[in-house]
Amino acid sequence: MSVNVKLYIKKKLFSTKPLSILKKMEKFQRVLLSASCLLLAVFMVGCSPPENHIKCSSTNTNCTITNSYGTFPDRSICQAANAAYPTTEEELISIVAAATKAKRKVKVATRYSHSIPKLVCPDGQNGLLISTDYLNRTLEIDVQSMTMSVESGVTLRQLINEAAKAGLALPYSPYWWGLTIGGLLSTGAHGSTLWGKGSAIHDYVVALTIISPGGPEDGYAKVRSLDESNSAELDAAKVSLGVLGVISKVTLQLQPLFKRSISYEVKKDTDLGDQVASFGRQHEFADITWYPSQGKAVYRIDDRISSNTSGNGLYDYIPFRSTPSLGLAVVRATEDAQESLKDPDGKCASAKLITSTLKNLAYGLTNNGIVFTGYPIIGYHNRLQSSGTCLDSPEDAMITACPWDSRIKGEYFFQATFSISLSVVKSFIQDVQMLVKLDPRALCGLEQYNGILMRYVKASSAYLGKEDDALDFDITFYRNKDPAKPRLYEDILEEIEQLAVFKYGGLPHWGKNRNLVFNGALKKYKNAGAFLRVKEMYDPLGLFSNEWTDQVLGLKGDVNIIKEGCALEGLCICSQDIHCAPSKGYLCRAGKIYQEARVCAHVSTPEQ
């Protein structure tokens with residue numbers, strides 16, 4: 001810690017009249033958090049890049065894989081006998097053929113392995129991992145037709161930059177650029193819009209090549225080139241959870257590069273339910289960040305403008321920047337202490353500090369790539385649409401890192417992400433507001449992770465894409481390192497998940513979420529049967545499937561893992577007290593406003 005920061009803390013801590021030791025310690029903790037938040041927000045230089053999530057005990061054999069957070073929902077580490085790193089499509093075909101002939105389970109691993117569920121795990125210990133790390137080339141850019149063909153391991157950042165060099169743009173994209181094209185297609189990743197074809201990248205795919213298991217007549221690998229002439233198969237392959245085979249290349253429809261104008265406006269959330277649908281139609285790149293415990297919503301007013309407009313703005317989103325490991329440890333220790341001491345007021349104070357710091361720093365927006373001088377931010381689309389600068393830095397011995405890097409004491413969280421049809425989203429928002437009214441501090445924990453991000457999505461032709469025009473809710477919240485320890489307001493967060501999924505028919509984000517959000521998910525997709533028929537045609541032996549995808553697709557078993565404490569981790573919905581933490585006073589009870597919900601609620605006195 002620098003001398004200046006120490007002096008700042010000393011001055012803040014002891015400049016007032018004497019307090020009790022407890023009060024002083026509480027004040028010290030908040031001042032330290034304040035200094036850490038400021039340090040985290042402004043730190044912008046190099047960091048340790050993420051580690052390789054495939055680890056092998058010898059050259060590409062006896063391997064394990066996890067995700068970028070270092071943990072799956074059930075906290076397991078997945079095993080595989082081998083890992084393969086093809087550099088060409090020919091090598092990829094050969095690898096798939098050999099695995100098919102040997103009837104080995106196969107899963108595809110992306111560069112940063114950013115999906116939370118166990119999509120990447122081959123069953124058992126004899127499986128094969130195929131990494132797309134070296135399938136990372138841009139194959140063709142056709143300026144005339146405004147199309148771009150890339151290999152499936154190309155990252156979103158590469159795609160955005162290469163397209164911009166040719167004067168082209170992918171119109172909508174996720175906000176995090178550390179995704180590969182193959183990975184984001186397989187999970188249905190998206191940005192935010194109700195305009196055009198919508199915000200999901202898969203709806204801008206005009207062709208792709210996928211390699212699946214084949215018979216002896218195919219040399220044990222079947223190569224299919226799909227385009228709009230065989231749209232039924234293309235609509236299955238656009239969002240496939242990786243169960244149809246491995247995508248080798250993708251062609252996307254782009255647009256001429258353009259400029260955008262971005263401003264953020266903070267309002268009370270009293271009429272949020274009334275505003276969400278119309279706001280998404282008014283502004284092309286609209287989104288909303290909701291702070292329900294503060295009663296506020298931050299509206300992103302974001303539109304396409306003339307490229308003649310002056311401005312060279314940049315969006316380097318602060319939570320995606322290189323971050324000092326020491327500062328992250330302080331923030332995490334503070335959060336751990338607040339949970340252990342059951343200190344909701346501390347969480348609310350931290351949340352206000354974090355959200356106000358982000359607001360004052362314009363969330364990472366700058367007018368010229370260096371400094372923020374005021375709204376609106378004017379700039380080219382490729383400089384504003386996505387970010388993630390913590391990924392591309394040299395090794396610095398873990399002095400800094402991406403905030404969620406599992407090698408440090410940093411962020412460790414759950415994510416609940418689901419989309420709710422615009423036709424019923426007002427009622428869902430009002431139900432959440434009713435829960436907040438019962439205890440306004442209940443959702444301060446979400447605001448420590450900058451609240452609920454609400455993005456717009458459109459109905460898609462993809463069989464596992466969105467069914468309706470909808471609002472996507474992205475909720476991040478504290479996860480304890482000890483799976484047996486319940487969280488503050490455990491019941492409120494569980495009730496919100498169940499409200500979304502069961503009362504309002506919310507669809508899951510395929511690359512996020514705890515197990516319970518996937519309960520009965522496939523039944524909500526009208527083309528689920530068509531998808532399963534394509535799956536049976538492409539991979540009748542299920543070599544690219546695993547236990548998790550079989551459960552999610554309703555083919556074998558279900559996603560619930562029933563055991564002691566399972567509801568605390570979202571592995572099940574409680575039906576007995578033992579699924580919660582009865583020894584700590586958390587019992588399985590009905591929801592507060594959604595009586596059909598079953599949640600782990602803290603019961604302060606034993607019930608007779």
# chains A, B, ... in the order shown; residues from 1 in each chain; ligands from 1

$ residues_around --residues "Thr251 of chain A" --least-positions-apart "3" --cutoff "8 Å" --atoms "only C-alpha atoms" --output "list of chain:residue names"
A:Thr147, A:Met148, A:Ser149, A:Val150, A:Val205, A:Val206, A:Ala207, A:Leu208

$ residues_around --residues "Thr289 of chain A" --least-positions-apart "5" --cutoff "8 Å" --atoms "only C-alpha atoms" --output "list in words"
Ala297, Val298, Tyr299, Asn450, Gly451, Ile452, Leu453 and Met454 of chain A

$ residues_around --residues "segment 398-408 of chain A" --least-positions-apart "5" --cutoff "6 Å" --atoms "only C-alpha atoms" --output "JSON list (two decimals) with N, CA, C and O atoms, in the first residue's frame"
[["chain", "number", "residue", "atom", "x", "y", "z"],
["A", 47, "CYS", "N", -1.26, -6.36, -16.62],
["A", 47, "CYS", "CA", -1.66, -7.34, -15.62],
["A", 47, "CYS", "C", -1.27, -8.73, -16.10],
["A", 47, "CYS", "O", -0.93, -8.94, -17.25],
["A", 48, "SER", "N", -1.32, -9.68, -15.14],
["A", 48, "SER", "CA", -1.06, -11.06, -15.52],
["A", 48, "SER", "C", -2.20, -11.56, -16.39],
["A", 48, "SER", "O", -3.36, -11.45, -16.00],
["A", 69, "TYR", "N", -13.29, -18.82, -14.10],
["A", 69, "TYR", "CA", -13.51, -18.49, -12.70],
["A", 69, "TYR", "C", -12.91, -19.55, -11.77],
["A", 69, "TYR", "O", -12.98, -19.42, -10.55],
["A", 70, "GLY", "N", -12.38, -20.61, -12.36],
["A", 70, "GLY", "CA", -11.75, -21.67, -11.57],
["A", 70, "GLY", "C", -12.72, -22.61, -10.91],
["A", 70, "GLY", "O", -12.32, -23.45, -10.10],
["A", 322, "SER", "N", -7.37, -4.32, -16.01],
["A", 322, "SER", "CA", -6.34, -4.85, -15.12],
["A", 322, "SER", "C", -6.53, -4.25, -13.74],
["A", 322, "SER", "O", -6.72, -3.05, -13.61],
["A", 323, "THR", "N", -6.44, -5.09, -12.71],
["A", 323, "THR", "CA", -6.78, -4.65, -11.37],
["A", 323, "THR", "C", -5.73, -5.11, -10.36],
["A", 323, "THR", "O", -5.31, -6.27, -10.41],
["A", 324, "PRO", "N", -5.30, -4.25, -9.45],
["A", 324, "PRO", "CA", -4.31, -4.66, -8.45],
["A", 324, "PRO", "C", -4.83, -5.78, -7.56],
["A", 324, "PRO", "O", -5.92, -5.68, -6.99],
["A", 325, "SER", "N", -4.05, -6.84, -7.43],
["A", 325, "SER", "CA", -4.48, -7.99, -6.63],
["A", 325, "SER", "C", -4.69, -7.62, -5.18],
["A", 325, "SER", "O", -5.61, -8.13, -4.52],
["A", 390, "CYS", "N", -8.07, -6.36, -19.45],
["A", 390, "CYS", "CA", -7.29, -7.18, -18.52],
["A", 390, "CYS", "C", -6.75, -8.45, -19.18],
["A", 390, "CYS", "O", -5.89, -9.13, -18.62]]

$ residues_around --residues "Ser263 of chain A" --least-positions-apart "4" --cutoff "6 Å" --atoms "only C-alpha atoms" --output "list of chain:residue names"
A:Ile301, A:Tyr375, A:Pro376

$ select_by_dssp --residues "segment 136-312 of chain A" --states "alpha helix (DSSP H)" --output "number ranges by chain"
A: 156-165, 181-187, 231-237, 272-282

$ residues_around --residues "Val552 of chain A" --least-positions-apart "6" --cutoff "12 Å" --atoms "only C-alpha atoms" --output "list in words"
Pro117, Lys118, Leu119, Leu241, Val243, Leu464, Pro508, Trp510, Arg514, Asn515, Leu516, Val517, Phe518, Asn519, Gly520, Ala521, Leu522, Lys523, Lys524, Ala528, Leu532, Ser545, Asn546, Asp558, Val559 and Asn560 of chain A

$ residues_around --residues "Glu596 of chain A" --least-positions-apart "3" --cutoff "9 Å" --atoms "only C-alpha atoms" --output "ChimeraX atom specification"
/A:498-499,503,590-591,593

$ write_last_selection --atoms "N, CA, C and O atoms" --output "mmCIF file, in the first residue's frame"
data_model
loop_
_atom_site.group_PDB
_atom_site.id
_atom_site.type_symbol
_atom_site.label_atom_id
_atom_site.label_comp_id
_atom_site.auth_asym_id
_atom_site.auth_seq_id
_atom_site.Cartn_x
_atom_site.Cartn_y
_atom_site.Cartn_z
ATOM 1 N N GLN A 498 -36.517 -17.956 -8.931
ATOM 2 C CA GLN A 498 -37.689 -18.798 -9.184
ATOM 3 C C GLN A 498 -38.856 -17.996 -9.757
ATOM 4 O O GLN A 498 -39.617 -18.508 -10.591
ATOM 5 N N LEU A 499 -39.005 -16.758 -9.336
ATOM 6 C CA LEU A 499 -39.992 -15.878 -9.970
ATOM 7 C C LEU A 499 -39.739 -15.791 -11.468
ATOM 8 O O LEU A 499 -40.652 -15.959 -12.294
ATOM 9 N N LYS A 503 -42.542 -18.437 -12.637
ATOM 10 C CA LYS A 503 -43.753 -17.606 -12.757
ATOM 11 C C LYS A 503 -43.791 -16.885 -14.099
ATOM 12 O O LYS A 503 -44.859 -16.787 -14.726
ATOM 13 N N ALA A 590 -41.649 -21.272 2.052
ATOM 14 C CA ALA A 590 -42.277 -20.674 0.871
ATOM 15 C C ALA A 590 -41.742 -19.260 0.667
ATOM 16 O O ALA A 590 -41.255 -18.608 1.604
ATOM 17 N N GLY A 591 -41.838 -18.779 -0.582
ATOM 18 C CA GLY A 591 -41.413 -17.427 -0.880
ATOM 19 C C GLY A 591 -42.281 -16.390 -0.198
ATOM 20 O O GLY A 591 -43.399 -16.687 0.248
ATOM 21 N N ILE A 593 -43.466 -13.426 -1.589
ATOM 22 C CA ILE A 593 -44.567 -12.944 -2.433
ATOM 23 C C ILE A 593 -44.962 -13.976 -3.485
ATOM 24 O O ILE A 593 -46.070 -13.938 -3.997
#

$ atom_distance --atom1 "atom CA of Cys444 of chain A" --atom2 "atom CA of Ala333 of chain A"
16.8 Å

$ residues_around --residues "segment 126-129 of chain A" --least-positions-apart "2" --cutoff "6 Å" --atoms "only C-alpha atoms" --output "list in words"
Ala80, Ala81, Asn82, Ala83, Arg104, Lys105, Val106, Lys107, Val108, Pro122 and Gly124 of chain A

$ select_by_dssp --residues "segment 268-338 of chain A" --states "strand (DSSP E)" --output "PyMOL selection string"
chain A and resi 268+287-291+296-305+314-315+323-324

$ closest_residue --among "A:Thr187, A:Ser261, A:Ser212, A:Ser461" --to "Asn513 of chain A" --atoms "only C-alpha atoms"
A:Thr187

$ closest_atom_pairs --of "segment 268-324 of chain A" --to "segment 188-197 of chain A" --cutoff "12 Å" --atoms "only C-alpha atoms" --output "CSV"
residue,atom,partner,partner_atom,distance
A:Val276,CA,A:Leu194,CA,11.4
A:Ala277,CA,A:Leu194,CA,9.4
A:Ser278,CA,A:Leu194,CA,10.2
A:Phe279,CA,A:Leu194,CA,9.9
A:Gly280,CA,A:Leu194,CA,6.2
A:Arg281,CA,A:Leu194,CA,6.2
A:Gln282,CA,A:Leu194,CA,9.3
A:His283,CA,A:Thr193,CA,8.1
A:Glu284,CA,A:Thr193,CA,5.7
A:Phe285,CA,A:Thr193,CA,5.2
A:Ala286,CA,A:Thr193,CA,6.4
A:Asp287,CA,A:Ser192,CA,6.3
A:Ile288,CA,A:Ser192,CA,9.8
A:Arg300,CA,A:Ser192,CA,10.6
A:Ile301,CA,A:Thr193,CA,11.8
A:Asp302,CA,A:Thr193,CA,10.1
A:Asp303,CA,A:Thr193,CA,10.4
A:Arg304,CA,A:Trp195,CA,11.4

$ closest_atom_pairs --of "segment 345-449 of chain A" --to "segment 156-161 of chain A" --cutoff "8 Å" --atoms "only C-alpha atoms" --output "tab-separated table"
residue	atom	partner	partner_atom	distance
A:Asn382	CA	A:Ile160	CA	6.0
A:Ser386	CA	A:Arg157	CA	7.7
A:Ser387	CA	A:Arg157	CA	7.8

$ write_last_selection --atoms "N, CA, C and O atoms" --output "compact mmCIF listing (two decimals), in the first residue's frame"
# COMPACT_ATOMS: atom_id res chain seq x y z
N ASN A 382 -16.50 0.47 -33.16
CA ASN A 382 -15.54 -0.54 -32.74
C ASN A 382 -14.80 -0.15 -31.47
O ASN A 382 -14.26 -1.02 -30.78
N SER A 386 -17.36 -3.06 -27.07
CA SER A 386 -16.93 -4.18 -26.24
C SER A 386 -15.58 -3.84 -25.63
O SER A 386 -14.84 -3.00 -26.16
N SER A 387 -15.24 -4.49 -24.52
CA SER A 387 -13.94 -4.22 -23.89
C SER A 387 -13.50 -5.43 -23.07
O SER A 387 -14.21 -6.43 -22.97

$ closest_atom_pairs --of "segment 94-167 of chain A" --to "segment 84-89 of chain A" --cutoff "7 Å" --atoms "only C-alpha atoms" --output "tab-separated table"
residue	atom	partner	partner_atom	distance
A:Leu129	CA	A:Ala84	CA	6.2
A:Ile130	CA	A:Ala84	CA	4.9
A:Ser131	CA	A:Tyr85	CA	5.2
A:Thr132	CA	A:Tyr85	CA	6.6
A:Asp133	CA	A:Tyr85	CA	7.0
A:Tyr134	CA	A:Thr87	CA	5.0
A:Leu135	CA	A:Thr87	CA	5.5

$ closest_residue --among "A:Ser575, A:Ser199, A:Thr355, A:Asn308" --to "Asp472 of chain A" --atoms "only C-alpha atoms"
A:Ser199

$ closest_residue --among "A:Leu168, A:Val250, A:Val534, A:Leu185" --to "Asn230 of chain A" --atoms "only C-alpha atoms"
A:Val534

$ atom_distance --atom1 "atom CA of Lys426 of chain A" --atom2 "atom CA of Gly273 of chain A"
4.2 Å

$ decode --residues "segment 517-561 of chain A" --atoms "N, CA and C atoms" --output "compact mmCIF listing (two decimals), in the first residue's frame"
# COMPACT_ATOMS: atom_id res chain seq x y z
N VAL A 517 -31.79 -22.76 -12.62
CA VAL A 517 -32.36 -21.94 -13.68
C VAL A 517 -32.65 -22.77 -14.94
N PHE A 518 -31.98 -23.91 -15.07
CA PHE A 518 -32.17 -24.76 -16.25
C PHE A 518 -33.28 -25.79 -16.05
N ASN A 519 -33.95 -25.79 -14.92
CA ASN A 519 -35.03 -26.74 -14.68
C ASN A 519 -36.13 -26.59 -15.73
N GLY A 520 -36.38 -27.63 -16.50
CA GLY A 520 -37.45 -27.62 -17.49
C GLY A 520 -37.24 -26.63 -18.62
N ALA A 521 -35.99 -26.20 -18.83
CA ALA A 521 -35.74 -25.12 -19.80
C ALA A 521 -36.16 -25.50 -21.21
N LEU A 522 -35.83 -26.70 -21.66
CA LEU A 522 -36.05 -27.05 -23.06
C LEU A 522 -37.53 -27.02 -23.44
N LYS A 523 -38.41 -27.26 -22.48
CA LYS A 523 -39.85 -27.25 -22.77
C LYS A 523 -40.35 -25.87 -23.19
N LYS A 524 -39.57 -24.84 -22.94
CA LYS A 524 -39.97 -23.48 -23.27
C LYS A 524 -39.64 -23.10 -24.71
N TYR A 525 -38.97 -23.98 -25.45
CA TYR A 525 -38.55 -23.69 -26.82
C TYR A 525 -39.43 -24.46 -27.79
N LYS A 526 -40.14 -23.73 -28.63
CA LYS A 526 -41.10 -24.37 -29.54
C LYS A 526 -40.42 -25.26 -30.56
N ASN A 527 -39.16 -25.00 -30.88
CA ASN A 527 -38.43 -25.81 -31.87
C ASN A 527 -37.46 -26.79 -31.23
N ALA A 528 -37.68 -27.12 -29.96
CA ALA A 528 -36.79 -28.05 -29.27
C ALA A 528 -36.74 -29.40 -29.98
N GLY A 529 -37.89 -29.88 -30.41
CA GLY A 529 -37.93 -31.17 -31.10
C GLY A 529 -37.13 -31.16 -32.38
N ALA A 530 -37.22 -30.06 -33.14
CA ALA A 530 -36.45 -29.94 -34.38
C ALA A 530 -34.94 -29.93 -34.08
N PHE A 531 -34.56 -29.26 -32.99
CA PHE A 531 -33.15 -29.25 -32.63
C PHE A 531 -32.66 -30.66 -32.30
N LEU A 532 -33.44 -31.40 -31.54
CA LEU A 532 -33.03 -32.75 -31.15
C LEU A 532 -32.95 -33.69 -32.35
N ARG A 533 -33.79 -33.46 -33.34
CA ARG A 533 -33.70 -34.29 -34.55
C ARG A 533 -32.41 -34.02 -35.31
N VAL A 534 -32.00 -32.76 -35.38
CA VAL A 534 -30.72 -32.44 -36.02
C VAL A 534 -29.58 -33.03 -35.20
N LYS A 535 -29.66 -32.96 -33.90
CA LYS A 535 -28.63 -33.56 -33.05
C LYS A 535 -28.50 -35.05 -33.31
N GLU A 536 -29.61 -35.74 -33.42
CA GLU A 536 -29.58 -37.18 -33.68
C GLU A 536 -28.97 -37.48 -35.05
N MET A 537 -29.21 -36.63 -36.02
CA MET A 537 -28.65 -36.81 -37.35
C MET A 537 -27.14 -36.55 -37.35
N TYR A 538 -26.70 -35.52 -36.63
CA TYR A 538 -25.30 -35.13 -36.65
C TYR A 538 -24.43 -36.04 -35.77
N ASP A 539 -24.94 -36.42 -34.62
CA ASP A 539 -24.13 -37.16 -33.65
C ASP A 539 -24.97 -38.22 -32.95
N PRO A 540 -25.35 -39.28 -33.66
CA PRO A 540 -26.25 -40.28 -33.09
C PRO A 540 -25.68 -41.00 -31.87
N LEU A 541 -24.35 -41.06 -31.76
CA LEU A 541 -23.74 -41.71 -30.60
C LEU A 541 -23.57 -40.76 -29.41
N GLY A 542 -23.87 -39.49 -29.61
CA GLY A 542 -23.74 -38.53 -28.52
C GLY A 542 -22.32 -38.29 -28.06
N LEU A 543 -21.36 -38.38 -28.98
CA LEU A 543 -19.96 -38.22 -28.60
C LEU A 543 -19.64 -36.79 -28.17
N PHE A 544 -20.35 -35.80 -28.74
CA PHE A 544 -20.12 -34.40 -28.35
C PHE A 544 -21.05 -33.95 -27.22
N SER A 545 -21.81 -34.87 -26.67
CA SER A 545 -22.68 -34.57 -25.53
C SER A 545 -21.99 -35.02 -24.24
N ASN A 546 -22.49 -34.49 -23.12
CA ASN A 546 -22.01 -34.97 -21.82
C ASN A 546 -23.20 -35.06 -20.87
N GLU A 547 -22.94 -35.44 -19.65
CA GLU A 547 -24.01 -35.61 -18.68
C GLU A 547 -24.81 -34.32 -18.52
N TRP A 548 -24.11 -33.18 -18.49
CA TRP A 548 -24.78 -31.90 -18.30
C TRP A 548 -25.71 -31.57 -19.47
N THR A 549 -25.22 -31.68 -20.70
CA THR A 549 -26.07 -31.33 -21.84
C THR A 549 -27.23 -32.31 -21.98
N ASP A 550 -27.01 -33.59 -21.65
CA ASP A 550 -28.12 -34.55 -21.68
C ASP A 550 -29.21 -34.16 -20.69
N GLN A 551 -28.80 -33.67 -19.52
CA GLN A 551 -29.77 -33.24 -18.51
C GLN A 551 -30.52 -31.99 -18.98
N VAL A 552 -29.80 -31.01 -19.47
CA VAL A 552 -30.42 -29.75 -19.90
C VAL A 552 -31.37 -29.99 -21.06
N LEU A 553 -31.00 -30.90 -21.97
CA LEU A 553 -31.82 -31.18 -23.14
C LEU A 553 -32.91 -32.21 -22.86
N GLY A 554 -33.05 -32.62 -21.61
CA GLY A 554 -34.11 -33.53 -21.22
C GLY A 554 -33.95 -34.94 -21.74
N LEU A 555 -32.72 -35.35 -22.04
CA LEU A 555 -32.48 -36.67 -22.61
C LEU A 555 -32.20 -37.74 -21.56
N LYS A 556 -31.63 -37.32 -20.44
CA LYS A 556 -31.25 -38.29 -19.41
C LYS A 556 -31.10 -37.57 -18.08
N GLY A 557 -31.92 -37.94 -17.10
CA GLY A 557 -31.82 -37.32 -15.78
C GLY A 557 -32.27 -35.87 -15.80
N ASP A 558 -31.96 -35.16 -14.71
CA ASP A 558 -32.27 -33.72 -14.66
C ASP A 558 -31.11 -32.99 -14.02
N VAL A 559 -31.22 -31.66 -14.02
CA VAL A 559 -30.08 -30.83 -13.62
C VAL A 559 -29.93 -30.73 -12.11
N ASN A 560 -30.91 -31.18 -11.35
CA ASN A 560 -30.85 -31.04 -9.90
C ASN A 560 -29.87 -32.04 -9.30
N ILE A 561 -29.04 -31.58 -8.41
CA ILE A 561 -28.13 -32.44 -7.64
C ILE A 561 -28.62 -32.40 -6.20
